[in-house]
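What's in upload16.cif: mmCIF, C-alpha atoms
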data_final
#
loop_
_atom_site.label_atom_id
_atom_site.label_comp_id
_atom_site.auth_asym_id
_atom_site.auth_seq_id
_atom_site.Cartn_x
_atom_site.Cartn_y
_atom_site.Cartn_z
CA MET A 1 11.62 6.27 2.36
CA SER A 2 14.60 4.52 0.83
CA SER A 3 15.09 2.82 -2.52
CA GLU A 4 11.96 4.57 -3.73
CA GLU A 5 10.80 5.20 -7.27
CA THR A 6 7.92 7.47 -8.20
CA ILE A 7 5.39 6.97 -10.98
CA PRO A 8 3.45 10.12 -12.01
CA VAL A 9 -0.23 10.17 -11.10
CA ALA A 10 -1.29 10.38 -14.73
CA ALA A 11 0.75 7.30 -15.57
CA ALA A 12 -0.72 5.38 -12.65
CA ALA A 13 -4.35 6.22 -13.43
CA SER A 14 -6.40 3.41 -14.94
CA GLN A 15 -10.06 2.63 -15.52
CA SER A 16 -9.44 -0.83 -14.08
CA PRO A 17 -8.32 -1.50 -10.52
CA ILE A 18 -4.75 -2.48 -9.80
CA LEU A 19 -4.27 -6.14 -8.99
CA VAL A 20 -1.94 -6.62 -6.01
CA VAL A 21 -0.28 -9.98 -5.25
CA ALA A 22 1.71 -10.57 -2.07
CA ASP A 23 3.53 -13.47 -0.42
CA ALA A 24 2.84 -16.22 -2.94
CA HIS A 25 5.97 -18.13 -1.83
CA VAL A 26 5.78 -20.24 -4.98
CA LYS A 27 7.88 -23.41 -4.93
CA ALA A 28 9.06 -25.36 -7.96
CA GLY A 29 7.60 -28.84 -8.34
CA THR A 30 4.52 -28.11 -6.20
CA PRO A 31 0.86 -27.32 -6.97
CA SER A 32 1.51 -23.69 -5.99
CA ARG A 33 3.75 -23.32 -9.05
CA ASP A 34 0.99 -24.51 -11.41
CA PHE A 35 -1.74 -22.41 -9.75
CA PHE A 36 0.44 -19.31 -9.84
CA PHE A 37 1.21 -19.57 -13.53
CA ARG A 38 -2.44 -20.28 -14.28
CA MET A 39 -3.20 -16.98 -12.57
CA LEU A 40 -0.62 -15.25 -14.76
CA GLU A 41 -2.29 -16.72 -17.84
CA TRP A 42 -5.61 -15.32 -16.65
CA ILE A 43 -4.13 -11.89 -15.87
CA SER A 44 -2.90 -11.78 -19.47
CA THR A 45 -6.57 -11.79 -20.58
CA THR A 46 -7.51 -8.83 -18.34
CA ALA A 47 -6.83 -5.09 -18.34
CA TYR A 48 -5.30 -5.01 -14.84
CA ASP A 49 -2.05 -3.35 -13.98
CA VAL A 50 -0.24 -5.54 -11.45
CA VAL A 51 1.83 -4.96 -8.31
CA PHE A 52 3.86 -7.93 -7.08
CA LEU A 53 4.36 -6.97 -3.46
CA GLY A 54 7.26 -9.26 -2.61
CA ASP A 55 8.01 -12.84 -1.56
CA ILE A 56 6.52 -14.06 -4.80
CA MET A 57 8.96 -16.96 -4.87
CA GLU A 58 9.83 -18.97 -1.76
CA LEU A 59 13.54 -18.22 -2.13
CA TRP A 60 14.79 -16.34 -5.16
CA ILE A 61 18.48 -15.61 -5.49
CA GLY A 62 18.62 -13.37 -8.56
CA VAL A 63 22.19 -14.41 -9.42
CA PRO A 64 21.83 -16.30 -12.75
CA SER A 65 23.49 -19.53 -11.59
CA TYR A 66 20.91 -19.88 -8.78
CA GLU A 67 17.83 -19.25 -10.90
CA SER A 68 15.52 -22.02 -12.05
CA GLU A 69 13.12 -22.44 -14.94
CA MET A 70 10.37 -21.09 -12.67
CA HIS A 71 12.19 -17.82 -12.03
CA ARG A 72 13.05 -17.38 -15.70
CA ALA A 73 9.45 -18.04 -16.73
CA PHE A 74 8.16 -15.41 -14.30
CA VAL A 75 10.50 -12.62 -15.43
CA ALA A 76 9.83 -13.53 -19.08
CA TRP A 77 6.08 -13.13 -18.42
CA CYS A 78 6.66 -9.76 -16.72
CA LYS A 79 8.87 -8.49 -19.53
CA GLU A 80 6.33 -9.46 -22.18
CA GLU A 81 3.31 -8.16 -20.28
CA LYS A 82 4.80 -4.76 -19.44
CA SER A 83 4.22 -3.80 -23.08
CA ARG A 84 0.47 -4.33 -22.43
CA ARG A 85 0.08 -3.20 -18.82
CA LYS A 86 2.10 -1.75 -15.96
CA ILE A 87 4.03 -4.34 -13.97
CA PHE A 88 5.41 -3.21 -10.60
CA PHE A 89 7.65 -5.34 -8.40
CA LEU A 90 8.88 -5.03 -4.80
CA GLU A 91 11.64 -7.27 -3.53
CA GLY A 92 10.59 -9.20 -0.45
CA ASN A 93 12.78 -10.59 2.29
CA HIS A 94 12.78 -13.96 0.46
CA GLU A 95 14.13 -12.38 -2.74
CA TYR A 96 17.70 -11.24 -3.31
CA PHE A 97 19.36 -9.36 -6.20
CA VAL A 98 16.31 -9.77 -8.44
CA LEU A 99 16.34 -6.08 -9.31
CA ALA A 100 20.09 -6.11 -9.87
CA HIS A 101 19.60 -8.55 -12.75
CA HIS A 102 16.00 -8.08 -13.92
CA ARG A 103 15.06 -4.43 -13.40
CA GLU A 104 14.30 -4.02 -17.12
CA CYS A 105 11.52 -6.64 -16.87
CA PHE A 106 9.30 -4.33 -14.80
CA THR A 107 7.65 -0.98 -15.42
CA ALA A 108 9.08 0.14 -12.09
CA CYS A 109 10.43 -1.65 -9.05
CA GLY A 110 11.92 -1.06 -5.62
CA GLU A 111 13.78 -2.78 -2.82
CA ASP A 112 11.93 -0.94 -0.04
CA ASP A 113 9.06 1.28 -1.20
CA LEU A 114 7.46 2.17 -4.50
CA LEU A 115 5.42 5.35 -4.80
CA VAL A 116 2.77 4.99 -7.51
CA GLY A 117 0.85 8.23 -7.84
CA GLU A 118 -0.14 9.01 -4.24
CA THR A 119 0.10 5.42 -2.99
CA VAL A 120 3.07 3.78 -1.31
CA PHE A 121 3.48 0.06 -1.93
CA SER A 122 5.93 -1.78 0.29
CA HIS A 123 6.70 -5.41 1.00
CA GLY A 124 6.67 -4.49 4.68
CA ASP A 125 9.46 -6.56 6.20
CA TYR A 126 11.31 -3.55 7.65
CA GLN A 127 8.17 -2.09 9.25
CA LEU A 128 8.22 -3.05 12.96
CA ALA A 129 11.49 -4.87 12.32
CA GLU A 130 13.89 -5.53 15.15
CA ASP A 131 17.46 -4.34 14.81
CA ALA A 132 18.64 -7.93 14.28
CA HIS A 133 16.37 -8.29 11.24
CA ARG A 134 17.51 -4.94 9.83
CA ARG A 135 21.15 -6.00 10.13
CA PHE A 136 20.38 -9.39 8.60
CA ARG A 137 18.47 -7.72 5.76
CA TRP A 138 21.31 -5.27 5.09
CA TRP A 139 23.91 -8.05 4.98
CA THR A 140 21.97 -10.47 2.77
CA LYS A 141 21.16 -7.75 0.23
CA SER A 142 24.64 -6.20 0.20
CA TRP A 143 27.01 -6.34 -2.76
CA LEU A 144 29.45 -8.29 -0.62
CA ALA A 145 26.83 -11.03 -0.20
CA HIS A 146 26.23 -10.86 -3.96
CA PHE A 147 29.94 -11.38 -4.61
CA LEU A 148 30.16 -14.32 -2.19
CA LEU A 149 27.08 -15.99 -3.64
CA LYS A 150 28.48 -15.65 -7.12
CA PHE A 151 32.03 -16.82 -6.53
CA MET A 152 32.59 -18.59 -3.20
CA PRO A 153 32.42 -22.43 -2.99
CA PHE A 154 30.54 -22.39 0.33
CA ALA A 155 27.68 -20.29 -1.11
CA PRO A 156 25.23 -23.20 -1.74
CA ALA A 157 25.53 -24.25 1.92
CA TYR A 158 24.85 -20.67 2.97
CA VAL A 159 21.73 -20.59 0.77
CA ARG A 160 20.44 -23.74 2.48
CA HIS A 161 21.03 -22.07 5.86
CA LEU A 162 19.26 -18.93 4.65
CA LYS A 163 16.26 -20.93 3.45
CA SER A 164 15.96 -22.68 6.82
CA LYS A 165 16.14 -19.36 8.68
CA LEU A 166 13.49 -17.75 6.48
CA GLU A 167 11.11 -20.70 6.83
CA ARG A 168 11.44 -20.57 10.62
CA LYS A 169 10.72 -16.84 10.69
CA SER A 170 7.74 -17.35 8.38
CA ARG A 171 6.21 -19.91 10.76
CA GLU A 172 6.67 -17.53 13.69
CA ARG A 173 4.98 -14.72 11.76
CA TYR A 174 2.06 -16.96 10.85
CA HIS A 175 1.27 -17.58 14.51
CA ARG A 176 1.50 -13.94 15.56
CA PHE A 177 -0.13 -11.16 13.58
CA PRO A 178 0.94 -7.77 15.02
CA GLY A 179 -2.34 -5.97 14.30
CA PRO A 180 -2.12 -3.36 17.09
CA GLU A 181 1.49 -2.56 16.26
CA LEU A 182 0.68 -2.20 12.55
CA ASN A 183 -2.26 0.09 13.34
CA ALA A 184 -0.01 2.24 15.52
CA TRP A 185 2.61 2.38 12.75
CA GLY A 186 -0.05 3.49 10.27
CA ARG A 187 -1.37 6.20 12.60
CA ASP A 188 2.14 7.51 13.11
CA LYS A 189 2.81 7.62 9.36
CA PHE A 190 -0.40 9.49 8.60
CA SER A 191 0.27 11.99 11.41
CA GLN A 192 3.34 13.24 9.54
CA GLU A 193 3.23 16.04 7.00
CA ASP A 194 2.97 15.40 3.25
CA THR A 195 1.95 11.77 3.67
CA PRO A 196 0.55 9.77 0.72
CA LYS A 197 -3.09 8.85 0.57
CA ALA A 198 -2.42 5.12 1.08
CA TYR A 199 0.12 2.63 2.40
CA ILE A 200 -0.29 -0.93 1.11
CA LEU A 201 1.93 -3.64 2.59
CA GLY A 202 2.41 -7.39 2.43
CA HIS A 203 4.74 -9.63 4.48
CA PHE A 204 2.47 -10.31 7.46
CA HIS A 205 0.33 -12.93 5.66
CA LYS A 206 -3.03 -11.79 7.06
CA GLY A 207 -5.33 -9.11 5.76
CA LEU A 208 -5.88 -5.76 7.45
CA CYS A 209 -7.70 -2.74 6.04
CA VAL A 210 -8.23 0.60 7.80
CA LYS A 211 -9.96 3.48 6.02
CA ARG A 212 -9.52 6.68 8.03
CA ASN A 213 -12.04 9.48 8.42
CA ASP A 214 -9.79 11.70 6.31
CA GLY A 215 -9.99 9.18 3.45
CA ARG A 216 -6.48 7.79 3.82
CA LEU A 217 -6.01 4.03 3.59
CA PHE A 218 -3.74 1.61 5.41
CA ALA A 219 -3.87 -2.00 4.22
CA VAL A 220 -1.94 -5.23 4.67
CA LEU A 221 -2.58 -7.97 2.12
CA PRO A 222 -3.29 -11.59 2.98
CA ALA A 223 -0.75 -14.09 1.67
CA TRP A 224 -1.57 -15.49 -1.77
CA LYS A 225 -0.09 -18.82 -0.72
CA GLU A 226 -2.85 -19.45 1.85
CA GLN A 227 -6.04 -19.14 -0.22
CA GLY A 228 -5.01 -17.52 -3.50
CA GLU A 229 -6.23 -14.10 -2.35
CA VAL A 230 -5.22 -10.90 -4.13
CA GLY A 231 -6.03 -7.25 -3.63
CA LEU A 232 -8.10 -5.12 -5.99
CA TYR A 233 -7.03 -1.54 -5.40
CA TYR A 234 -9.03 1.39 -6.82
CA PRO A 235 -6.69 4.43 -6.74
CA GLU A 236 -9.32 7.04 -7.56
CA ASP A 237 -11.61 5.91 -4.72
CA ASN A 238 -8.69 4.81 -2.52
CA LEU A 239 -10.34 1.49 -1.73
CA ILE A 240 -9.00 -2.05 -1.65
CA PHE A 241 -10.84 -5.37 -1.59
CA PHE A 242 -9.41 -8.84 -0.99
CA ARG A 243 -10.63 -11.54 -3.37
CA ASN A 244 -9.69 -15.07 -4.40
CA TRP A 245 -8.19 -14.82 -7.88
CA ARG A 246 -10.21 -17.78 -9.12
CA SER A 247 -13.46 -16.06 -8.15
CA LEU A 248 -12.33 -13.04 -10.18
CA GLN A 249 -11.52 -15.34 -13.08
CA ASN A 250 -14.94 -16.98 -12.87
CA ALA A 251 -16.66 -13.60 -12.69
CA SER A 252 -14.81 -12.26 -15.74
CA THR A 253 -15.63 -15.44 -17.67
CA SER A 254 -19.34 -15.27 -16.81
CA THR A 255 -19.63 -11.68 -18.08
CA LYS A 256 -18.18 -12.46 -21.52
#

Let's see the structure in the file written out as structure tokens.
Amino acid sequence: MSSEETIPVAAAASQSPILVVADAHVKAGTPSRDFFFRMLEWISTTAYDVVFLGDIMELWIGVPSYESEMHRAFVAWCKEEKSRRKIFFLEGNHEYFVLAHHRECFTACGEDDLLVGETVFSHGDYQLAEDAHRRFRWWTKSWLAHFLLKFMPFAPAYVRHLKSKLERKSRERYHRFPGPELNAWGRDKFSQEDTPKAYILGHFHKGLCVKRNDGRLFAVLPAWKEQGEVGLYYPEDNLIFFRNWRSLQNASTSTK
């Protein structure tokens, strides 16, 4: 695994499950922005640690001159909340140079994988990726791209082109969920020596959960942007459940 950080098992352990959010694709000036920040307000009232599994914003260029009020509000929330809970963040393929400028806002973060205890969290865009996507990913996240975005006059036009390309790829992914290929990838990973007890991915926008006979878990989260679904991951039992965040909010309110 590349760009990986490891959190000790003791530090990852919690009496509460870990809340996992993937593929929110929040856009400024839309209802998704309001719903997302309402969810953050609710999370602040809970005991959950949180993993943001990538593509939280529709297109997030972490270079300061490209960031909006929405981006600044999100990292401010993360920075404040990490004093109360663990906040983990994975960069998705719609997010660029966020860690380069905001790493201190998260308990731990990664560009590819993040090992928390015995569980690997990954956005998932390089799993099953074609060579063209790997090259595109390398270029858009390179320091040369960072330099061009920061200083070159044609950079805003390039960002518009990038946004169009990402939206087209997202539509293609929505219409084809590679379930068999993902299952095969998971089987191959777990056949290797010294594998973790779980792989949890996002990116593919539809939910998948496979609990093996040996207790290992392979899961892909549904996209938050579709129905507001999140994952509740129980590390000790190595189980994950997909729930609408508003139903969790209603349940926590009714028990008070």

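Put simply, CA of Glu95 in chain A is 4.7 Å away from CA of Trp60 in chain A.
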
Checklist line | Test item: the PyMOL selection byres ((chain A and resi 104) around 12) resolved as a list in words | finding: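 Applying the expression gives Val75, Ala76, Cys78, Lys79, Glu80, Lys82, Ser83, Ile87, Phe88, Phe89, Val98, Leu99, Ala100, His101, His102, Arg103, Cys105, Phe106, Thr107, Ala108 and Cys109 of chain A.
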
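Of the listed residues A:Phe177, A:Asp55, A:Tyr199, A:Phe36, the one whose atoms come nearest to Leu115 in chain A is A:Tyr199, with distances taken using all atoms listed in the file.
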
Result set, the PyMOL selection byres ((chain A and resi 178-189) around 10) on current file, as an mmCIF file with C-alpha atoms, in the coordinates of the input:
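selection16.cif, freshly written:
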data_model
loop_
_atom_site.group_PDB
_atom_site.id
_atom_site.type_symbol
_atom_site.label_atom_id
_atom_site.label_comp_id
_atom_site.auth_asym_id
_atom_site.auth_seq_id
_atom_site.Cartn_x
_atom_site.Cartn_y
_atom_site.Cartn_z
ATOM 1 C CA GLN A 127 8.170 -2.090 9.250
ATOM 2 C CA LEU A 128 8.220 -3.050 12.960
ATOM 3 C CA ARG A 173 4.980 -14.720 11.760
ATOM 4 C CA HIS A 175 1.270 -17.580 14.510
ATOM 5 C CA ARG A 176 1.500 -13.940 15.560
ATOM 6 C CA PHE A 177 -0.130 -11.160 13.580
ATOM 7 C CA PHE A 190 -0.400 9.490 8.600
ATOM 8 C CA SER A 191 0.270 11.990 11.410
ATOM 9 C CA GLN A 192 3.340 13.240 9.540
ATOM 10 C CA GLU A 193 3.230 16.040 7.000
ATOM 11 C CA ASP A 194 2.970 15.400 3.250
ATOM 12 C CA THR A 195 1.950 11.770 3.670
ATOM 13 C CA PRO A 196 0.550 9.770 0.720
ATOM 14 C CA ALA A 198 -2.420 5.120 1.080
ATOM 15 C CA TYR A 199 0.120 2.630 2.400
ATOM 16 C CA PHE A 204 2.470 -10.310 7.460
ATOM 17 C CA LYS A 206 -3.030 -11.790 7.060
ATOM 18 C CA GLY A 207 -5.330 -9.110 5.760
ATOM 19 C CA LEU A 208 -5.880 -5.760 7.450
ATOM 20 C CA CYS A 209 -7.700 -2.740 6.040
ATOM 21 C CA VAL A 210 -8.230 0.600 7.800
ATOM 22 C CA ARG A 212 -9.520 6.680 8.030
ATOM 23 C CA LEU A 217 -6.010 4.030 3.590
ATOM 24 C CA PHE A 218 -3.740 1.610 5.410
ATOM 25 C CA ALA A 219 -3.870 -2.000 4.220
ATOM 26 C CA VAL A 220 -1.940 -5.230 4.670
#

Check: Expanded to explicit residues, what is the PyMOL selection byres ((chain A and resi 42) around 10) for this file, as a count of residues only?
Finding: 15

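Here CA of Gly92 in chain A is placed at a distance of 9.9 Å from CA of Tyr126 in chain A.
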
Notebook entry, point to check: In terms of the shortest atom-to-atom distance over all atoms listed in the file, which of A:Phe241, A:Phe52, A:Phe147, A:Phe74 is closest to His123 in chain A?
Noted result: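 Ranking A:Phe241, A:Phe52, A:Phe147, A:Phe74 by distance to His123 in chain A, first place goes to A:Phe52.
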
Next item on the list: Can you work out the spacing between CA of Pro17 in chain A and CA of Leu201 in chain A in Å, to one decimal?
Entry: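 The value is 16.8 Å.
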
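With only C-alpha atoms as the atoms that count, the minimum distance from Asn238 in chain A to the choices A:Leu162, A:Leu53, A:Ile18, A:Ile61 is reached by A:Ile18.
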
Edge lengths and centre in Å to one decimal, as AutoDock Vina command-line options, is what I'm after for the box along x, y and z that holds all listed atoms of range 106-124 of chain A once 3 Å is added on each side.
--center_x 6.8 --center_y 1.8 --center_z -5.4 --size_x 19.9 --size_y 20.4 --size_z 26.1

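Proximity of A:His133, A:Lys225, A:Arg216, A:Lys150 to Val120 in chain A, computed with only C-alpha atoms, is greatest for A:Arg216.
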
Next item on the list: Find the residue from A:Asn244, A:Ser68, A:Ser122, A:Ser142 that sits nearest to Phe97 in chain A; use all atoms listed in the file when measuring.
Entry: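 Answer, going by the shortest atom-to-atom distance: A:Ser142.
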
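The closest residue to Tyr48 in chain A, picked from A:Glu236, A:Lys27, A:Arg84, A:Glu67 and counting all atoms listed in the file, is A:Arg84.
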
With the input short on atoms, add N, CA and C atoms back to range 222-240 of chain A and write it as an mmCIF file, in the frame of the given file.
data_model
loop_
_atom_site.group_PDB
_atom_site.id
_atom_site.type_symbol
_atom_site.label_atom_id
_atom_site.label_comp_id
_atom_site.auth_asym_id
_atom_site.auth_seq_id
_atom_site.Cartn_x
_atom_site.Cartn_y
_atom_site.Cartn_z
ATOM 1 N N PRO A 222 -3.455 -10.186 2.598
ATOM 2 C CA PRO A 222 -3.290 -11.590 2.980
ATOM 3 C C PRO A 222 -2.299 -12.268 2.036
ATOM 4 N N ALA A 223 -1.720 -13.358 2.486
ATOM 5 C CA ALA A 223 -0.750 -14.090 1.670
ATOM 6 C C ALA A 223 -1.462 -14.876 0.576
ATOM 7 N N TRP A 224 -1.007 -14.721 -0.658
ATOM 8 C CA TRP A 224 -1.570 -15.490 -1.770
ATOM 9 C C TRP A 224 -1.442 -16.982 -1.516
ATOM 10 N N LYS A 225 -0.358 -17.391 -0.864
ATOM 11 C CA LYS A 225 -0.090 -18.820 -0.720
ATOM 12 C C LYS A 225 -1.119 -19.538 0.139
ATOM 13 N N GLU A 226 -1.875 -18.809 0.962
ATOM 14 C CA GLU A 226 -2.850 -19.450 1.850
ATOM 15 C C GLU A 226 -4.120 -19.851 1.098
ATOM 16 N N GLN A 227 -4.772 -18.875 0.446
ATOM 17 C CA GLN A 227 -6.040 -19.140 -0.220
ATOM 18 C C GLN A 227 -6.120 -18.552 -1.628
ATOM 19 N N GLY A 228 -4.988 -18.117 -2.171
ATOM 20 C CA GLY A 228 -5.010 -17.520 -3.500
ATOM 21 C C GLY A 228 -5.626 -16.138 -3.535
ATOM 22 N N GLU A 229 -5.613 -15.426 -2.402
ATOM 23 C CA GLU A 229 -6.230 -14.100 -2.350
ATOM 24 C C GLU A 229 -5.299 -13.033 -2.930
ATOM 25 N N VAL A 230 -5.923 -12.065 -3.588
ATOM 26 C CA VAL A 230 -5.220 -10.900 -4.130
ATOM 27 C C VAL A 230 -5.973 -9.658 -3.684
ATOM 28 N N GLY A 231 -5.359 -8.505 -3.906
ATOM 29 C CA GLY A 231 -6.030 -7.250 -3.630
ATOM 30 C C GLY A 231 -6.467 -6.578 -4.916
ATOM 31 N N LEU A 232 -7.638 -5.978 -4.895
ATOM 32 C CA LEU A 232 -8.100 -5.120 -5.990
ATOM 33 C C LEU A 232 -8.120 -3.698 -5.456
ATOM 34 N N TYR A 233 -7.169 -2.891 -5.922
ATOM 35 C CA TYR A 233 -7.030 -1.540 -5.400
ATOM 36 C C TYR A 233 -7.533 -0.531 -6.424
ATOM 37 N N TYR A 234 -8.451 0.343 -5.980
ATOM 38 C CA TYR A 234 -9.030 1.390 -6.820
ATOM 39 C C TYR A 234 -8.409 2.728 -6.417
ATOM 40 N N PRO A 235 -7.405 3.209 -7.158
ATOM 41 C CA PRO A 235 -6.690 4.430 -6.740
ATOM 42 C C PRO A 235 -7.583 5.662 -6.637
ATOM 43 N N GLU A 236 -8.507 5.829 -7.567
ATOM 44 C CA GLU A 236 -9.320 7.040 -7.560
ATOM 45 C C GLU A 236 -10.204 7.103 -6.321
ATOM 46 N N ASP A 237 -10.760 5.956 -5.914
ATOM 47 C CA ASP A 237 -11.610 5.910 -4.720
ATOM 48 C C ASP A 237 -10.817 5.578 -3.460
ATOM 49 N N ASN A 238 -9.554 5.192 -3.638
ATOM 50 C CA ASN A 238 -8.690 4.810 -2.520
ATOM 51 C C ASN A 238 -9.328 3.703 -1.682
ATOM 52 N N LEU A 239 -9.712 2.648 -2.367
ATOM 53 C CA LEU A 239 -10.340 1.490 -1.730
ATOM 54 C C LEU A 239 -9.629 0.226 -2.178
ATOM 55 N N ILE A 240 -9.591 -0.760 -1.290
ATOM 56 C CA ILE A 240 -9.000 -2.050 -1.650
ATOM 57 C C ILE A 240 -9.919 -3.156 -1.145
#
